[in-house]
Amino acid sequence: MIKLTVNGETHSLEVDPEMPLLWVLRDRLGLTGTKYGCGMALCGSCTVHVHGTAIRSCITPVSSVEGKSITTIENVGSPVATAVQEAWEKHNVVQCGYCQSGQIMNAIALLKNNPAPTDDDINEAFKDILCRCHTYARIRTAIHTAAAALAVKGGAA
């Protein structure tokens, strides 16, 4: 039995301890906002937060996150998340949308750790997240917009 805290709710699940967290989230808990892209942590579509840190759920054994706080795209709800989502809309970041939950989760984690990232900081943080539509310039612009909005509001919480 594995006990997980996902989006503030505790779940006791009978699953193989080596099952990737992605499949527990999608198949066992019905949280399909986290996407399967490559299964090798190369694209970032499966990004979730564990204790606020962006991780790739496709290669994370569920046993390794037992007792930790897991947040998926379905439950992001902080001033940082709101600023990121508003900036994404303002700059029309989304095209096909497949990578967007991973992109947004990564942007939230970046801004919580670095409230004023440079282009180089953003490029480094996003170097392993694949956008098939190549909206990287809009993603970078949206992150700067979110950072500026947060600075005006007094920072991230």
# chains A, B, ... in the order shown; residues from 1 in each chain; ligands from 1
call {"tool": "select_by_dssp", "arguments": {"residues": "range 41-118 of chain A", "states": "alpha helix (DSSP H)", "output": "PDB file with C-alpha atoms, in the first residue's frame"}}
result
ATOM      1  CA  PRO A  79      -0.461  34.075  -7.083  1.00  0.00           C
ATOM      2  CA  VAL A  80       2.444  32.740  -9.166  1.00  0.00           C
ATOM      3  CA  ALA A  81       0.201  30.232 -10.944  1.00  0.00           C
ATOM      4  CA  THR A  82      -2.386  32.923 -11.653  1.00  0.00           C
ATOM      5  CA  ALA A  83       0.253  35.307 -13.023  1.00  0.00           C
ATOM      6  CA  VAL A  84       1.671  32.556 -15.263  1.00  0.00           C
ATOM      7  CA  GLN A  85      -1.745  31.518 -16.569  1.00  0.00           C
ATOM      8  CA  GLU A  86      -2.745  35.121 -17.284  1.00  0.00           C
ATOM      9  CA  ALA A  87       0.549  35.778 -19.097  1.00  0.00           C
ATOM     10  CA  TRP A  88       0.109  32.576 -21.132  1.00  0.00           C
ATOM     11  CA  GLU A  89      -3.273  33.860 -22.314  1.00  0.00           C
ATOM     12  CA  LYS A  90      -2.039  37.419 -22.935  1.00  0.00           C
ATOM     13  CA  GLN A 100       1.386  23.265 -21.805  1.00  0.00           C
ATOM     14  CA  SER A 101       0.705  21.621 -18.452  1.00  0.00           C
ATOM     15  CA  GLY A 102       4.407  20.792 -18.221  1.00  0.00           C
ATOM     16  CA  GLN A 103       5.433  24.249 -19.430  1.00  0.00           C
ATOM     17  CA  ILE A 104       3.159  25.975 -16.917  1.00  0.00           C
ATOM     18  CA  MET A 105       4.241  23.741 -14.017  1.00  0.00           C
ATOM     19  CA  ASN A 106       7.879  24.443 -14.876  1.00  0.00           C
ATOM     20  CA  ALA A 107       7.256  28.208 -15.149  1.00  0.00           C
ATOM     21  CA  ILE A 108       5.567  28.274 -11.741  1.00  0.00           C
ATOM     22  CA  ALA A 109       8.485  26.426 -10.127  1.00  0.00           C
ATOM     23  CA  LEU A 110      10.986  28.745 -11.844  1.00  0.00           C
ATOM     24  CA  LEU A 111       9.252  31.913 -10.661  1.00  0.00           C
ATOM     25  CA  LYS A 112       8.866  30.640  -7.109  1.00  0.00           C
ATOM     26  CA  ASN A 113      12.626  30.049  -6.960  1.00  0.00           C
TER      27      ASN A 113
END
call {"tool": "residues_around", "arguments": {"residues": "Thr47 in chain A", "least_positions_apart": "5", "cutoff": "12 Å", "atoms": "only C-alpha atoms", "output": "short mmCIF file (atom, residue, chain, number, x, y, z; two decimals) with N, CA and C atoms, in the first residue's frame"}}
result
data_model
loop_
_atom_site.label_atom_id
_atom_site.label_comp_id
_atom_site.auth_asym_id
_atom_site.auth_seq_id
_atom_site.Cartn_x
_atom_site.Cartn_y
_atom_site.Cartn_z
N LEU A 21 4.97 7.57 -11.30
CA LEU A 21 3.96 8.45 -10.73
C LEU A 21 2.96 8.90 -11.79
N LEU A 22 3.41 9.15 -13.00
CA LEU A 22 2.53 9.59 -14.08
C LEU A 22 1.31 8.67 -14.22
N LEU A 25 -1.12 8.92 -11.32
CA LEU A 25 -1.93 10.14 -11.44
C LEU A 25 -3.02 9.99 -12.49
N GLY A 33 -4.51 15.88 -16.59
CA GLY A 33 -3.85 17.10 -17.03
C GLY A 33 -2.35 16.90 -17.21
N THR A 34 -1.79 15.99 -16.46
CA THR A 34 -0.37 15.65 -16.60
C THR A 34 -0.26 14.70 -17.79
N LYS A 35 0.53 15.06 -18.76
CA LYS A 35 0.57 14.34 -20.04
C LYS A 35 1.73 13.36 -20.14
N TYR A 36 1.53 12.33 -20.93
CA TYR A 36 2.60 11.41 -21.33
C TYR A 36 3.14 11.91 -22.65
N GLY A 37 4.44 12.10 -22.71
CA GLY A 37 5.05 12.55 -23.96
C GLY A 37 6.07 11.56 -24.47
N CYS A 38 7.09 11.27 -23.66
CA CYS A 38 8.18 10.43 -24.14
C CYS A 38 8.47 9.24 -23.24
N GLY A 39 8.14 9.33 -21.98
CA GLY A 39 8.41 8.24 -21.04
C GLY A 39 9.86 8.16 -20.59
N MET A 40 10.68 9.15 -20.97
CA MET A 40 12.11 9.13 -20.63
C MET A 40 12.58 10.45 -20.02
N ALA A 41 11.66 11.30 -19.58
CA ALA A 41 11.98 12.60 -18.97
C ALA A 41 12.72 13.53 -19.92
N LEU A 42 12.46 13.41 -21.21
CA LEU A 42 13.14 14.24 -22.19
C LEU A 42 12.29 15.40 -22.68
N GLY A 52 6.91 21.47 -4.19
CA GLY A 52 7.18 22.71 -4.90
C GLY A 52 8.25 22.65 -5.96
N THR A 53 8.92 21.51 -6.09
CA THR A 53 9.97 21.35 -7.09
C THR A 53 9.41 20.63 -8.31
N ALA A 54 9.71 21.15 -9.49
CA ALA A 54 9.25 20.53 -10.73
C ALA A 54 10.03 19.23 -10.96
N ILE A 55 9.28 18.13 -11.16
CA ILE A 55 9.90 16.83 -11.45
C ILE A 55 9.19 16.19 -12.63
N ARG A 56 9.83 15.22 -13.24
CA ARG A 56 9.24 14.47 -14.36
C ARG A 56 8.59 13.21 -13.80
N SER A 57 7.28 13.15 -13.87
CA SER A 57 6.54 12.05 -13.26
C SER A 57 6.63 10.75 -14.05
N CYS A 58 7.06 10.82 -15.31
CA CYS A 58 7.11 9.60 -16.12
C CYS A 58 8.23 8.65 -15.70
N ILE A 59 9.25 9.17 -15.00
CA ILE A 59 10.36 8.32 -14.57
C ILE A 59 10.48 8.25 -13.05
N THR A 60 9.54 8.84 -12.35
CA THR A 60 9.59 8.88 -10.89
C THR A 60 8.79 7.72 -10.31
N ILE A 70 2.39 16.34 -3.50
CA ILE A 70 2.41 16.33 -4.96
C ILE A 70 1.32 17.28 -5.45
N THR A 71 1.68 18.15 -6.39
CA THR A 71 0.70 19.06 -6.99
C THR A 71 0.71 18.87 -8.49
N THR A 72 -0.47 18.71 -9.05
CA THR A 72 -0.62 18.59 -10.50
C THR A 72 -1.23 19.87 -11.06
N ILE A 73 -1.26 19.96 -12.37
CA ILE A 73 -1.81 21.14 -13.04
C ILE A 73 -3.26 21.41 -12.62
N CYS A 99 2.05 20.25 -24.58
CA CYS A 99 3.12 20.43 -23.61
C CYS A 99 2.76 21.43 -22.52
N GLN A 100 1.65 22.10 -22.63
CA GLN A 100 1.39 23.27 -21.80
C GLN A 100 1.29 22.99 -20.32
N SER A 101 0.74 21.86 -19.90
CA SER A 101 0.70 21.62 -18.45
C SER A 101 2.12 21.53 -17.92
N GLY A 102 3.01 20.87 -18.64
CA GLY A 102 4.41 20.79 -18.22
C GLY A 102 5.10 22.14 -18.27
N GLN A 103 4.83 22.92 -19.31
CA GLN A 103 5.43 24.25 -19.43
C GLN A 103 4.98 25.14 -18.27
N ILE A 104 3.70 25.13 -17.99
CA ILE A 104 3.16 25.98 -16.92
C ILE A 104 3.69 25.54 -15.55
N MET A 105 3.72 24.23 -15.30
CA MET A 105 4.24 23.74 -14.02
C MET A 105 5.71 24.14 -13.86
N ASN A 106 6.47 24.07 -14.93
CA ASN A 106 7.88 24.44 -14.88
C ASN A 106 8.03 25.95 -14.66
N ALA A 107 7.20 26.75 -15.32
CA ALA A 107 7.26 28.21 -15.15
C ALA A 107 6.93 28.61 -13.72
N ILE A 108 5.94 27.98 -13.13
CA ILE A 108 5.57 28.27 -11.74
C ILE A 108 6.74 27.97 -10.81
N ALA A 109 7.34 26.80 -10.98
CA ALA A 109 8.49 26.43 -10.13
C ALA A 109 9.64 27.41 -10.33
N PHE A 126 14.20 25.79 -19.13
CA PHE A 126 13.30 25.18 -20.10
C PHE A 126 14.02 24.37 -21.17
N ASP A 128 15.01 21.44 -21.30
CA ASP A 128 14.59 20.05 -21.43
C ASP A 128 13.07 19.91 -21.55
N ILE A 129 12.38 20.98 -21.93
CA ILE A 129 10.93 20.89 -22.13
C ILE A 129 10.65 21.17 -23.59
N LEU A 130 10.14 20.17 -24.24
CA LEU A 130 9.90 20.22 -25.68
C LEU A 130 8.55 20.86 -25.99
#
call {"tool": "atom_distance", "arguments": {"atom1": "CA of Gln95 in chain A", "atom2": "CA of Cys133 in chain A"}}
result
6.6 Å
call {"tool": "residues_around", "arguments": {"residues": "Met1 in chain A", "least_positions_apart": "6", "cutoff": "8 Å", "atoms": "only C-alpha atoms", "output": "PyMOL selection string"}}
result
chain A and resi 12-15
call {"tool": "atom_distance", "arguments": {"atom1": "CA of Pro115 in chain A", "atom2": "CA of Ala147 in chain A"}}
result
5.9 Å
